[in-house]
Amino acid sequence: MSLFTRARQLPHTDKAAAGQDLTQDDTPEGQDATAGDASSGVPDEAVAGGGWRGKYPAAARAVAWTTTALAAALVLFALLMPQDAARLTPSTFVRIPVEGIFGAAVLLLLPPKAKRVAAVTAGVVLGLLTLLNFLDMGFHEVFGRGFNLVLDWILLDDGESFLQDSIGRAGAIGVVIGVVVLVLALLVLITLAVVRLSNLMARHIAVATRTTLVLGTAWITCTALGLQLGGAPVASRNTTALMQNRMAVVKATLKDERAFAKEAAVDSFGDTPPDQLLTGLRGKDVIFTFIESYGRSAVEDPSMAPQVDAALADGTKRLRAAGYSARSGWLTSPTYGGGSWLAHSTFASGLWIENQQRYRTITTGDHLTLTSAFRKTGAWRTVGIMPGVTKSWPEGRFYGFDQVYDSRELGYKGPEFSWSTMPDQYALKAFERLEHGKKHDKPLMSEIILTSSHNPWAPLPKTLGWDEVGDGSVYNAIEKAGKDPVDVWRDSDEVRAEYAKSIQYSLKSLISYVEKYGNKNTVLVFLGDHQPVSKVSGNHASRDVPIALVAHDPAVLDRISGWGWQDGLKPAPKGPVWKMDTFRDRFLTAYGPQPGPAPSPPKR
């Protein structure tokens, strides 16, 4: 006996109590719904007068319709959800998704069993696409780009490591568990929402058919007229476009792997004889230093520039007083907000390393790097100071270091400062103690990574006298008195302020080191690896980072007189901007065997 037939046998009041609002025209006898009204939330026992729905029919109807409305809203949100959080505006969701119309039409044509399978499948797929959209939002916020299905899964593990370093292991585990629960909940809820709407259409097939036809006609009309709302077309194909874009990115990524392997096999300096490499720097102690997250925004954003520019101006003055000169310019980083290793490898190799696949390809080969060029000459000892490396780092062999000191080998006995394993001043002091301050039979070529300006910029260390640094235990009290990153990140203005302070600290530490421990043979090249995250730099910031070259010997700077760089540590606002991968060849050309200043190589 169908639900309609049984309801007809009840008195009129009983039918109302059962929440029964179907008509014989809308629900032919023998349809799926005989097992209970899954679309309205009123099962058989409620229709028969049992359970809370029978006792509270008005509440039952309200709950059923509210649940259905929420299901429709969730599906609509999933179909129209953008990839960028900046586009999460009301107008984004006042559109007609063609995927919803097409899906409804398919469900209306399918038999009951196939309909249920299709609804569940569609719900799961839509849930997965929604999760990818959330990943896109997160990646846009941190890296200024969307999530790459092929390459970026490893970054999720890096994100978990970052959480451990920032909020502790227990906090990171809690966050991971929470994320897993939310992911499962989203998949289940979207799937249930699609199934609920499918059942509702089965119960009201005539109304559902008319509605689908009306919406389809409206979509075609809006498309033909080009109607827009908030700068976006009313007739939406958002989900289809995003799926096509993802497939295009996957295809391009796989194609890029083969193309880059061929590109990396060609090296304009790979066969250069050792005696023709870096002849203009023989006898010099050359230090390459990356300052974490030191981007153009630090120098030009009105909310941060006054503090950072003051540090640069003061540093220029102090270095000049110590007999040094400096010139500065801009490089465009291959990454944004994170992925420092991509910038490091781009700068060193002269190749554009913008993703993990390229990084793996280049670091497993033998392409000439700046470090290996110095090592190849036999005229320098090459050393890496890597406080951010906390475990085995096989890539060190690719770069060409004779010795790498990671966080475990620098002798630090103090506390971590969120992600940063040790203050920059300590890392520099350790470099002086372990290498620079010792006598060697050849000069040093060193790469030092300074990490105190790494996200989340709280707590921050303070500048100490060099004789106070010791084994780092002096920083215990400083770390305890510092700010909590959770508190800092509640306020965008405070995050920017703490970021600016971290850059000031790194600059002051480095400049002070050169003042105290540098000599007439010191050559320093320091630069940023990438811009900070968009919460600091803004949604439309460039990928530019400052770079400066400091030397005591005027002949060193004469070699780059054709570069057009600005005198001092602060680059000119309209100074030349080069892609970071061009620096290696420019540097090797400038300091190669030639008389007088080197001409600027053509831009690539």
# chains A, B, ... in the order shown; residues from 1 in each chain; ligands from 1

$ closest_atom_pairs --of "range 464-519 of chain A" --to "range 292-316 of chain A" --cutoff "10 Å" --atoms "only C-alpha atoms" --output "tab-separated table"
residue	atom	partner	partner_atom	distance
A:Asp493	CA	A:Ser303	CA	8.1
A:Arg496	CA	A:Met304	CA	6.7
A:Ala497	CA	A:Met304	CA	6.6
A:Glu498	CA	A:Met304	CA	9.3
A:Tyr499	CA	A:Met304	CA	8.2
A:Ala500	CA	A:Met304	CA	5.6
A:Lys501	CA	A:Gln307	CA	7.5
A:Ser502	CA	A:Val308	CA	9.4
A:Ile503	CA	A:Tyr294	CA	6.6
A:Gln504	CA	A:Val308	CA	5.6
A:Tyr505	CA	A:Ala311	CA	8.8
A:Ser506	CA	A:Glu292	CA	8.8
A:Leu507	CA	A:Ala311	CA	7.0
A:Lys508	CA	A:Ala311	CA	6.9
A:Leu510	CA	A:Gly315	CA	9.3
A:Ile511	CA	A:Gly315	CA	6.1
A:Ser512	CA	A:Gly315	CA	8.3
A:Glu515	CA	A:Gly315	CA	9.6

$ residues_around --residues "range 80-88 of chain A" --least-positions-apart "2" --cutoff "8 Å" --atoms "only C-alpha atoms" --output "MDAnalysis selection string"
chainID A and resid 76:78 90 92:93 95 97 130 133:134 136:137 140 146 236 238:239

$ write_last_selection --atoms "N, CA and C atoms" --output "PDB file, in the first residue's frame"
ATOM      1  N   LEU A  76      24.169  24.644  -3.641  1.00  0.00           N
ATOM      2  CA  LEU A  76      24.380  25.871  -4.418  1.00  0.00           C
ATOM      3  C   LEU A  76      25.733  26.492  -4.084  1.00  0.00           C
ATOM      4  N   PHE A  77      26.076  26.509  -2.801  1.00  0.00           N
ATOM      5  CA  PHE A  77      27.378  27.039  -2.381  1.00  0.00           C
ATOM      6  C   PHE A  77      28.507  26.243  -3.031  1.00  0.00           C
ATOM      7  N   ALA A  78      28.395  24.918  -3.015  1.00  0.00           N
ATOM      8  CA  ALA A  78      29.441  24.074  -3.589  1.00  0.00           C
ATOM      9  C   ALA A  78      29.578  24.302  -5.091  1.00  0.00           C
ATOM     10  N   PRO A  90      28.340  38.099  -1.620  1.00  0.00           N
ATOM     11  CA  PRO A  90      26.953  37.662  -1.869  1.00  0.00           C
ATOM     12  C   PRO A  90      26.621  37.526  -3.348  1.00  0.00           C
ATOM     13  N   THR A  92      28.364  36.535  -5.706  1.00  0.00           N
ATOM     14  CA  THR A  92      28.922  35.300  -6.276  1.00  0.00           C
ATOM     15  C   THR A  92      27.902  34.172  -6.256  1.00  0.00           C
ATOM     16  N   PHE A  93      27.009  34.195  -5.281  1.00  0.00           N
ATOM     17  CA  PHE A  93      26.066  33.082  -5.094  1.00  0.00           C
ATOM     18  C   PHE A  93      24.654  33.407  -5.593  1.00  0.00           C
ATOM     19  N   ARG A  95      23.564  33.420  -8.672  1.00  0.00           N
ATOM     20  CA  ARG A  95      23.733  33.048 -10.067  1.00  0.00           C
ATOM     21  C   ARG A  95      23.091  31.681 -10.312  1.00  0.00           C
ATOM     22  N   PRO A  97      23.683  28.030 -11.669  1.00  0.00           N
ATOM     23  CA  PRO A  97      24.727  27.072 -12.073  1.00  0.00           C
ATOM     24  C   PRO A  97      24.200  26.056 -13.086  1.00  0.00           C
ATOM     25  N   THR A 130      34.704  20.661  -3.747  1.00  0.00           N
ATOM     26  CA  THR A 130      34.621  21.723  -2.740  1.00  0.00           C
ATOM     27  C   THR A 130      35.858  21.739  -1.865  1.00  0.00           C
ATOM     28  N   ASN A 133      38.557  23.368  -3.699  1.00  0.00           N
ATOM     29  CA  ASN A 133      38.377  24.822  -3.710  1.00  0.00           C
ATOM     30  C   ASN A 133      38.872  25.447  -2.407  1.00  0.00           C
ATOM     31  N   PHE A 134      38.620  24.779  -1.293  1.00  0.00           N
ATOM     32  CA  PHE A 134      39.136  25.280  -0.014  1.00  0.00           C
ATOM     33  C   PHE A 134      40.667  25.245  -0.001  1.00  0.00           C
ATOM     34  N   ASP A 136      42.504  25.566  -2.636  1.00  0.00           N
ATOM     35  CA  ASP A 136      42.879  26.701  -3.483  1.00  0.00           C
ATOM     36  C   ASP A 136      42.893  27.998  -2.686  1.00  0.00           C
ATOM     37  N   MET A 137      41.862  28.200  -1.872  1.00  0.00           N
ATOM     38  CA  MET A 137      41.799  29.416  -1.067  1.00  0.00           C
ATOM     39  C   MET A 137      43.001  29.532  -0.144  1.00  0.00           C
ATOM     40  N   HIS A 140      46.102  30.304  -2.196  1.00  0.00           N
ATOM     41  CA  HIS A 140      46.107  31.697  -2.649  1.00  0.00           C
ATOM     42  C   HIS A 140      46.526  32.619  -1.512  1.00  0.00           C
ATOM     43  N   GLY A 146      46.891  28.800  -6.885  1.00  0.00           N
ATOM     44  CA  GLY A 146      46.011  27.713  -6.507  1.00  0.00           C
ATOM     45  C   GLY A 146      46.770  26.434  -6.175  1.00  0.00           C
ATOM     46  N   SER A 236      26.042  30.772 -14.742  1.00  0.00           N
ATOM     47  CA  SER A 236      27.343  30.285 -14.267  1.00  0.00           C
ATOM     48  C   SER A 236      27.656  28.891 -14.790  1.00  0.00           C
ATOM     49  N   ASN A 238      30.641  27.676 -13.276  1.00  0.00           N
ATOM     50  CA  ASN A 238      31.784  27.772 -12.378  1.00  0.00           C
ATOM     51  C   ASN A 238      32.460  26.421 -12.147  1.00  0.00           C
ATOM     52  N   THR A 239      31.700  25.412 -11.780  1.00  0.00           N
ATOM     53  CA  THR A 239      32.278  24.108 -11.470  1.00  0.00           C
ATOM     54  C   THR A 239      32.926  23.490 -12.709  1.00  0.00           C
TER      55      THR A 239
END

$ select_by_dssp --residues "range 331-390 of chain A" --states "strand (DSSP E)" --output "VMD selection string"
chain A and resid 331 to 332 381 to 386

$ select_by_dssp --residues "range 54-250 of chain A" --states "helix (DSSP H, G or I)" --output "PDB file with C-alpha atoms, in the first residue's frame"
ATOM      1  CA  GLY A  54       3.262  12.826  15.076  1.00  0.00           C
ATOM      2  CA  LYS A  55       3.061  14.749  18.351  1.00  0.00           C
ATOM      3  CA  PRO A  57       3.487  18.136  13.248  1.00  0.00           C
ATOM      4  CA  ALA A  58       4.135  21.860  12.852  1.00  0.00           C
ATOM      5  CA  ALA A  59       7.647  21.495  14.233  1.00  0.00           C
ATOM      6  CA  ALA A  60       8.212  18.432  12.039  1.00  0.00           C
ATOM      7  CA  ARG A  61       7.240  20.359   8.929  1.00  0.00           C
ATOM      8  CA  ALA A  62       9.460  23.296   9.948  1.00  0.00           C
ATOM      9  CA  VAL A  63      12.436  21.004  10.544  1.00  0.00           C
ATOM     10  CA  ALA A  64      11.860  19.183   7.237  1.00  0.00           C
ATOM     11  CA  TRP A  65      11.648  22.330   5.159  1.00  0.00           C
ATOM     12  CA  THR A  66      14.557  23.955   6.993  1.00  0.00           C
ATOM     13  CA  THR A  67      16.712  20.894   6.380  1.00  0.00           C
ATOM     14  CA  THR A  68      15.763  20.872   2.717  1.00  0.00           C
ATOM     15  CA  ALA A  69      16.508  24.592   2.390  1.00  0.00           C
ATOM     16  CA  LEU A  70      19.913  24.083   4.021  1.00  0.00           C
ATOM     17  CA  ALA A  71      20.625  21.161   1.681  1.00  0.00           C
ATOM     18  CA  ALA A  72      19.795  23.311  -1.339  1.00  0.00           C
ATOM     19  CA  ALA A  73      21.930  26.168  -0.005  1.00  0.00           C
ATOM     20  CA  LEU A  74      24.889  23.826   0.596  1.00  0.00           C
ATOM     21  CA  VAL A  75      24.708  22.386  -2.922  1.00  0.00           C
ATOM     22  CA  LEU A  76      24.380  25.871  -4.418  1.00  0.00           C
ATOM     23  CA  PHE A  77      27.378  27.039  -2.381  1.00  0.00           C
ATOM     24  CA  ALA A  78      29.441  24.074  -3.589  1.00  0.00           C
ATOM     25  CA  LEU A  79      28.501  24.719  -7.231  1.00  0.00           C
ATOM     26  CA  LEU A  80      29.264  28.450  -7.126  1.00  0.00           C
ATOM     27  CA  ALA A  85      38.537  34.005  -0.681  1.00  0.00           C
ATOM     28  CA  ALA A  86      38.465  37.585  -2.005  1.00  0.00           C
ATOM     29  CA  ARG A  87      35.560  36.572  -4.282  1.00  0.00           C
ATOM     30  CA  PRO A  90      26.953  37.662  -1.869  1.00  0.00           C
ATOM     31  CA  SER A  91      26.799  38.395  -5.603  1.00  0.00           C
ATOM     32  CA  THR A  92      28.922  35.300  -6.276  1.00  0.00           C
ATOM     33  CA  PHE A  93      26.066  33.082  -5.094  1.00  0.00           C
ATOM     34  CA  VAL A  98      24.385  25.075 -15.272  1.00  0.00           C
ATOM     35  CA  GLU A  99      25.811  22.003 -13.521  1.00  0.00           C
ATOM     36  CA  GLY A 100      22.857  21.989 -11.126  1.00  0.00           C
ATOM     37  CA  ILE A 101      20.379  22.179 -14.010  1.00  0.00           C
ATOM     38  CA  PHE A 102      22.113  19.418 -15.922  1.00  0.00           C
ATOM     39  CA  GLY A 103      22.355  17.251 -12.811  1.00  0.00           C
ATOM     40  CA  ALA A 104      18.660  17.699 -12.059  1.00  0.00           C
ATOM     41  CA  ALA A 105      17.743  16.757 -15.635  1.00  0.00           C
ATOM     42  CA  VAL A 106      19.828  13.588 -15.448  1.00  0.00           C
ATOM     43  CA  LEU A 107      18.276  12.572 -12.111  1.00  0.00           C
ATOM     44  CA  LEU A 108      14.772  13.113 -13.471  1.00  0.00           C
ATOM     45  CA  LEU A 109      15.453  10.721 -16.371  1.00  0.00           C
ATOM     46  CA  PRO A 112      15.005   4.774  -9.004  1.00  0.00           C
ATOM     47  CA  LYS A 113      18.038   2.557  -8.352  1.00  0.00           C
ATOM     48  CA  ALA A 114      20.283   4.375 -10.856  1.00  0.00           C
ATOM     49  CA  LYS A 115      19.011   7.673  -9.468  1.00  0.00           C
ATOM     50  CA  ARG A 116      20.218   6.806  -5.977  1.00  0.00           C
ATOM     51  CA  VAL A 117      23.649   5.741  -7.244  1.00  0.00           C
ATOM     52  CA  ALA A 118      23.967   8.877  -9.365  1.00  0.00           C
ATOM     53  CA  ALA A 119      22.952  11.127  -6.460  1.00  0.00           C
ATOM     54  CA  VAL A 120      25.529   9.597  -4.109  1.00  0.00           C
ATOM     55  CA  THR A 121      28.253   9.739  -6.771  1.00  0.00           C
ATOM     56  CA  ALA A 122      27.440  13.347  -7.622  1.00  0.00           C
ATOM     57  CA  GLY A 123      27.489  14.254  -3.941  1.00  0.00           C
ATOM     58  CA  VAL A 124      30.897  12.701  -3.356  1.00  0.00           C
ATOM     59  CA  VAL A 125      32.384  14.335  -6.477  1.00  0.00           C
ATOM     60  CA  LEU A 126      30.919  17.713  -5.552  1.00  0.00           C
ATOM     61  CA  GLY A 127      32.277  17.310  -2.026  1.00  0.00           C
ATOM     62  CA  LEU A 128      35.776  16.547  -3.324  1.00  0.00           C
ATOM     63  CA  LEU A 129      35.674  19.534  -5.668  1.00  0.00           C
ATOM     64  CA  THR A 130      34.621  21.723  -2.740  1.00  0.00           C
ATOM     65  CA  LEU A 131      37.562  20.489  -0.697  1.00  0.00           C
ATOM     66  CA  LEU A 132      39.896  21.338  -3.570  1.00  0.00           C
ATOM     67  CA  ASN A 133      38.377  24.822  -3.710  1.00  0.00           C
ATOM     68  CA  PHE A 134      39.136  25.280  -0.014  1.00  0.00           C
ATOM     69  CA  LEU A 135      42.712  24.147  -0.684  1.00  0.00           C
ATOM     70  CA  ASP A 136      42.879  26.701  -3.483  1.00  0.00           C
ATOM     71  CA  MET A 137      41.799  29.416  -1.067  1.00  0.00           C
ATOM     72  CA  GLY A 138      44.467  28.445   1.405  1.00  0.00           C
ATOM     73  CA  PHE A 139      47.170  28.323  -1.251  1.00  0.00           C
ATOM     74  CA  HIS A 140      46.107  31.697  -2.649  1.00  0.00           C
ATOM     75  CA  GLU A 141      46.440  33.150   0.828  1.00  0.00           C
ATOM     76  CA  VAL A 142      49.899  31.667   1.453  1.00  0.00           C
ATOM     77  CA  PHE A 143      51.517  31.152  -1.955  1.00  0.00           C
ATOM     78  CA  TRP A 153      50.422  17.242  -1.668  1.00  0.00           C
ATOM     79  CA  ILE A 154      53.878  17.251  -0.092  1.00  0.00           C
ATOM     80  CA  LEU A 155      53.290  20.821   1.071  1.00  0.00           C
ATOM     81  CA  LEU A 156      50.475  19.609   3.329  1.00  0.00           C
ATOM     82  CA  ASP A 157      53.073  17.644   5.280  1.00  0.00           C
ATOM     83  CA  ASP A 158      55.254  20.759   5.415  1.00  0.00           C
ATOM     84  CA  GLY A 159      52.254  22.667   6.732  1.00  0.00           C
ATOM     85  CA  GLU A 160      51.813  20.144   9.532  1.00  0.00           C
ATOM     86  CA  SER A 161      55.511  20.494  10.395  1.00  0.00           C
ATOM     87  CA  PHE A 162      55.122  24.249  10.467  1.00  0.00           C
ATOM     88  CA  LEU A 163      52.207  23.894  12.886  1.00  0.00           C
ATOM     89  CA  GLN A 164      54.302  21.691  15.168  1.00  0.00           C
ATOM     90  CA  ASP A 165      57.072  24.266  15.203  1.00  0.00           C
ATOM     91  CA  SER A 166      54.621  27.123  15.796  1.00  0.00           C
ATOM     92  CA  ILE A 167      52.098  25.760  18.306  1.00  0.00           C
ATOM     93  CA  ARG A 169      53.078  18.858  18.710  1.00  0.00           C
ATOM     94  CA  ALA A 170      49.875  18.552  20.771  1.00  0.00           C
ATOM     95  CA  GLY A 171      48.355  21.624  19.157  1.00  0.00           C
ATOM     96  CA  ALA A 172      49.342  20.438  15.677  1.00  0.00           C
ATOM     97  CA  ILE A 173      47.778  17.007  16.281  1.00  0.00           C
ATOM     98  CA  GLY A 174      44.603  18.717  17.472  1.00  0.00           C
ATOM     99  CA  VAL A 175      44.466  20.850  14.328  1.00  0.00           C
ATOM    100  CA  VAL A 176      45.057  17.841  12.072  1.00  0.00           C
ATOM    101  CA  ILE A 177      42.303  15.854  13.809  1.00  0.00           C
ATOM    102  CA  GLY A 178      39.964  18.813  13.505  1.00  0.00           C
ATOM    103  CA  VAL A 179      40.725  19.192   9.804  1.00  0.00           C
ATOM    104  CA  VAL A 180      40.141  15.476   9.153  1.00  0.00           C
ATOM    105  CA  VAL A 181      36.796  15.637  10.965  1.00  0.00           C
ATOM    106  CA  LEU A 182      35.754  18.720   8.980  1.00  0.00           C
ATOM    107  CA  VAL A 183      36.782  17.088   5.693  1.00  0.00           C
ATOM    108  CA  LEU A 184      34.738  13.963   6.420  1.00  0.00           C
ATOM    109  CA  ALA A 185      31.805  16.040   7.635  1.00  0.00           C
ATOM    110  CA  LEU A 186      31.853  18.154   4.462  1.00  0.00           C
ATOM    111  CA  LEU A 187      31.916  15.080   2.215  1.00  0.00           C
ATOM    112  CA  VAL A 188      29.076  13.430   4.126  1.00  0.00           C
ATOM    113  CA  LEU A 189      26.925  16.563   4.359  1.00  0.00           C
ATOM    114  CA  ILE A 190      27.211  17.460   0.681  1.00  0.00           C
ATOM    115  CA  THR A 191      26.458  13.871  -0.325  1.00  0.00           C
ATOM    116  CA  LEU A 192      23.404  13.755   1.968  1.00  0.00           C
ATOM    117  CA  ALA A 193      22.289  17.128   0.628  1.00  0.00           C
ATOM    118  CA  VAL A 194      22.373  15.915  -2.969  1.00  0.00           C
ATOM    119  CA  VAL A 195      20.536  12.700  -2.026  1.00  0.00           C
ATOM    120  CA  ARG A 196      17.879  14.683  -0.150  1.00  0.00           C
ATOM    121  CA  LEU A 197      17.260  16.972  -3.106  1.00  0.00           C
ATOM    122  CA  SER A 198      17.136  13.960  -5.423  1.00  0.00           C
ATOM    123  CA  ASN A 199      14.463  12.353  -3.240  1.00  0.00           C
ATOM    124  CA  LEU A 200      12.534  15.605  -3.136  1.00  0.00           C
ATOM    125  CA  MET A 201      12.514  15.707  -6.939  1.00  0.00           C
ATOM    126  CA  ALA A 202      11.296  12.101  -7.041  1.00  0.00           C
ATOM    127  CA  ARG A 203       8.409  13.012  -4.707  1.00  0.00           C
ATOM    128  CA  ILE A 205       8.454  15.030 -10.231  1.00  0.00           C
ATOM    129  CA  ALA A 206       6.069  17.337 -12.075  1.00  0.00           C
ATOM    130  CA  VAL A 207       7.153  20.434 -10.158  1.00  0.00           C
ATOM    131  CA  ALA A 208      10.812  19.408 -10.446  1.00  0.00           C
ATOM    132  CA  THR A 209      10.503  18.981 -14.214  1.00  0.00           C
ATOM    133  CA  ARG A 210       8.862  22.385 -14.679  1.00  0.00           C
ATOM    134  CA  THR A 211      11.445  24.058 -12.420  1.00  0.00           C
ATOM    135  CA  THR A 212      14.328  22.478 -14.307  1.00  0.00           C
ATOM    136  CA  LEU A 213      12.924  23.624 -17.642  1.00  0.00           C
ATOM    137  CA  VAL A 214      12.373  27.173 -16.345  1.00  0.00           C
ATOM    138  CA  LEU A 215      15.885  27.407 -14.900  1.00  0.00           C
ATOM    139  CA  GLY A 216      17.390  25.952 -18.080  1.00  0.00           C
ATOM    140  CA  THR A 217      15.562  28.504 -20.185  1.00  0.00           C
ATOM    141  CA  ALA A 218      16.663  31.297 -17.832  1.00  0.00           C
ATOM    142  CA  TRP A 219      20.294  30.128 -18.040  1.00  0.00           C
ATOM    143  CA  ILE A 220      20.246  30.107 -21.854  1.00  0.00           C
ATOM    144  CA  THR A 221      18.619  33.547 -21.928  1.00  0.00           C
ATOM    145  CA  CYS A 222      21.155  35.030 -19.512  1.00  0.00           C
ATOM    146  CA  THR A 223      23.975  33.528 -21.552  1.00  0.00           C
ATOM    147  CA  ALA A 224      22.609  34.944 -24.788  1.00  0.00           C
ATOM    148  CA  LEU A 225      22.156  38.411 -23.278  1.00  0.00           C
ATOM    149  CA  ASN A 238      31.784  27.772 -12.378  1.00  0.00           C
ATOM    150  CA  THR A 239      32.278  24.108 -11.470  1.00  0.00           C
ATOM    151  CA  THR A 240      32.821  23.088 -15.099  1.00  0.00           C
ATOM    152  CA  ALA A 241      35.361  25.864 -15.631  1.00  0.00           C
ATOM    153  CA  LEU A 242      37.246  24.930 -12.458  1.00  0.00           C
ATOM    154  CA  MET A 243      37.367  21.262 -13.471  1.00  0.00           C
ATOM    155  CA  GLN A 244      38.644  22.186 -16.924  1.00  0.00           C
ATOM    156  CA  ASN A 245      41.241  24.445 -15.374  1.00  0.00           C
ATOM    157  CA  ARG A 246      42.431  21.688 -13.030  1.00  0.00           C
ATOM    158  CA  MET A 247      42.774  19.244 -15.900  1.00  0.00           C
ATOM    159  CA  ALA A 248      44.685  21.850 -17.921  1.00  0.00           C
ATOM    160  CA  VAL A 249      47.059  22.430 -14.977  1.00  0.00           C
ATOM    161  CA  VAL A 250      47.639  18.681 -14.593  1.00  0.00           C
TER     162      VAL A 250
END

$ closest_atom_pairs --of "range 275-359 of chain A" --to "range 540-548 of chain A" --cutoff "6 Å" --atoms "only C-alpha atoms" --output "JSON lines"
{"residue": "A:Gly295", "atom": "CA", "partner": "A:Val545", "partner_atom": "CA", "distance": 4.3}
{"residue": "A:Arg296", "atom": "CA", "partner": "A:Val545", "partner_atom": "CA", "distance": 5.0}
{"residue": "A:Arg327", "atom": "CA", "partner": "A:Ala548", "partner_atom": "CA", "distance": 5.5}
{"residue": "A:Ser328", "atom": "CA", "partner": "A:Ala548", "partner_atom": "CA", "distance": 4.0}
{"residue": "A:Gly329", "atom": "CA", "partner": "A:Ile547", "partner_atom": "CA", "distance": 5.4}
{"residue": "A:Trp330", "atom": "CA", "partner": "A:Pro546", "partner_atom": "CA", "distance": 4.8}
{"residue": "A:Leu331", "atom": "CA", "partner": "A:Val545", "partner_atom": "CA", "distance": 5.4}
{"residue": "A:Thr332", "atom": "CA", "partner": "A:Asp544", "partner_atom": "CA", "distance": 4.2}
{"residue": "A:Ser333", "atom": "CA", "partner": "A:Arg543", "partner_atom": "CA", "distance": 5.5}

$ residues_around --residues "Arg433 in chain A" --least-positions-apart "3" --cutoff "12 Å" --atoms "only C-alpha atoms" --output "PyMOL selection string"
chain A and resi 385+410-411+426-430+436-439+466-467+469-471+517

$ atom_distance --atom1 "CA of Ser534 in chain A" --atom2 "CA of Pro423 in chain A"
24.3 Å

$ atom_distance --atom1 "CA of Val495 in chain A" --atom2 "CA of Leu527 in chain A"
21.7 Å

$ residues_around --residues "Lys317 in chain A" --least-positions-apart "6" --cutoff "10 Å" --atoms "only C-alpha atoms" --output "list in words"
Ala311, Tyr324, Ser325, Gly568 and Leu569 of chain A

$ closest_residue --among "A:Arg586, A:His204, A:Arg53, A:His552" --to "Ala348 in chain A" --atoms "only C-alpha atoms"
A:Arg586

$ closest_residue --among "A:Ile478, A:Ala232, A:Gly280, A:Arg237" --to "Leu557 in chain A" --atoms "only C-alpha atoms"
A:Gly280

$ residues_around --residues "Lys255 in chain A" --least-positions-apart "6" --cutoff "12 Å" --atoms "only C-alpha atoms" --output "PyMOL selection string"
chain A and resi 150+248-249+261-262+357-358

$ write_last_selection --atoms "N, CA and C atoms" --output "PDB file, in the first residue's frame"
ATOM      1  N   VAL A 150      49.017  17.737  -8.842  1.00  0.00           N
ATOM      2  CA  VAL A 150      50.130  16.816  -9.063  1.00  0.00           C
ATOM      3  C   VAL A 150      51.250  17.021  -8.047  1.00  0.00           C
ATOM      4  N   ALA A 248      43.676  21.154 -17.124  1.00  0.00           N
ATOM      5  CA  ALA A 248      44.685  21.850 -17.921  1.00  0.00           C
ATOM      6  C   ALA A 248      45.990  22.000 -17.133  1.00  0.00           C
ATOM      7  N   VAL A 249      45.865  22.291 -15.824  1.00  0.00           N
ATOM      8  CA  VAL A 249      47.059  22.430 -14.977  1.00  0.00           C
ATOM      9  C   VAL A 249      47.774  21.093 -14.856  1.00  0.00           C
ATOM     10  N   ALA A 261      63.350  19.065 -17.946  1.00  0.00           N
ATOM     11  CA  ALA A 261      64.495  18.153 -17.933  1.00  0.00           C
ATOM     12  C   ALA A 261      65.442  18.478 -19.084  1.00  0.00           C
ATOM     13  N   LYS A 262      64.892  18.803 -20.245  1.00  0.00           N
ATOM     14  CA  LYS A 262      65.729  19.191 -21.384  1.00  0.00           C
ATOM     15  C   LYS A 262      66.398  20.538 -21.132  1.00  0.00           C
ATOM     16  N   GLN A 357      58.293  19.697  -8.506  1.00  0.00           N
ATOM     17  CA  GLN A 357      58.761  18.783  -9.543  1.00  0.00           C
ATOM     18  C   GLN A 357      60.068  19.286 -10.149  1.00  0.00           C
ATOM     19  N   ARG A 358      60.140  20.573 -10.453  1.00  0.00           N
ATOM     20  CA  ARG A 358      61.368  21.155 -10.995  1.00  0.00           C
ATOM     21  C   ARG A 358      62.493  21.081  -9.952  1.00  0.00           C
TER      22      ARG A 358
END

$ residues_around --residues "Val523 in chain A" --least-positions-apart "6" --cutoff "7 Å" --atoms "only C-alpha atoms" --output "ChimeraX atom specification"
/A:284-287,550-551

$ write_last_selection --atoms "N, CA and C atoms" --output "compact mmCIF listing (two decimals), in the first residue's frame"
# COMPACT_ATOMS: atom_id res chain seq x y z
N LYS A 284 88.71 36.80 -2.05
CA LYS A 284 87.65 37.42 -1.26
C LYS A 284 86.86 36.37 -0.47
N ASP A 285 86.43 36.76 0.73
CA ASP A 285 85.47 35.94 1.49
C ASP A 285 84.07 36.37 1.04
N VAL A 286 83.38 35.50 0.32
CA VAL A 286 82.09 35.84 -0.27
C VAL A 286 80.97 35.18 0.54
N ILE A 287 80.03 35.98 0.99
CA ILE A 287 78.92 35.49 1.81
C ILE A 287 77.61 35.79 1.09
N VAL A 550 77.43 44.16 -1.00
CA VAL A 550 78.25 44.99 -0.11
C VAL A 550 79.71 44.55 -0.23
N ALA A 551 80.62 45.49 -0.36
CA ALA A 551 82.04 45.13 -0.47
C ALA A 551 82.91 46.25 0.08
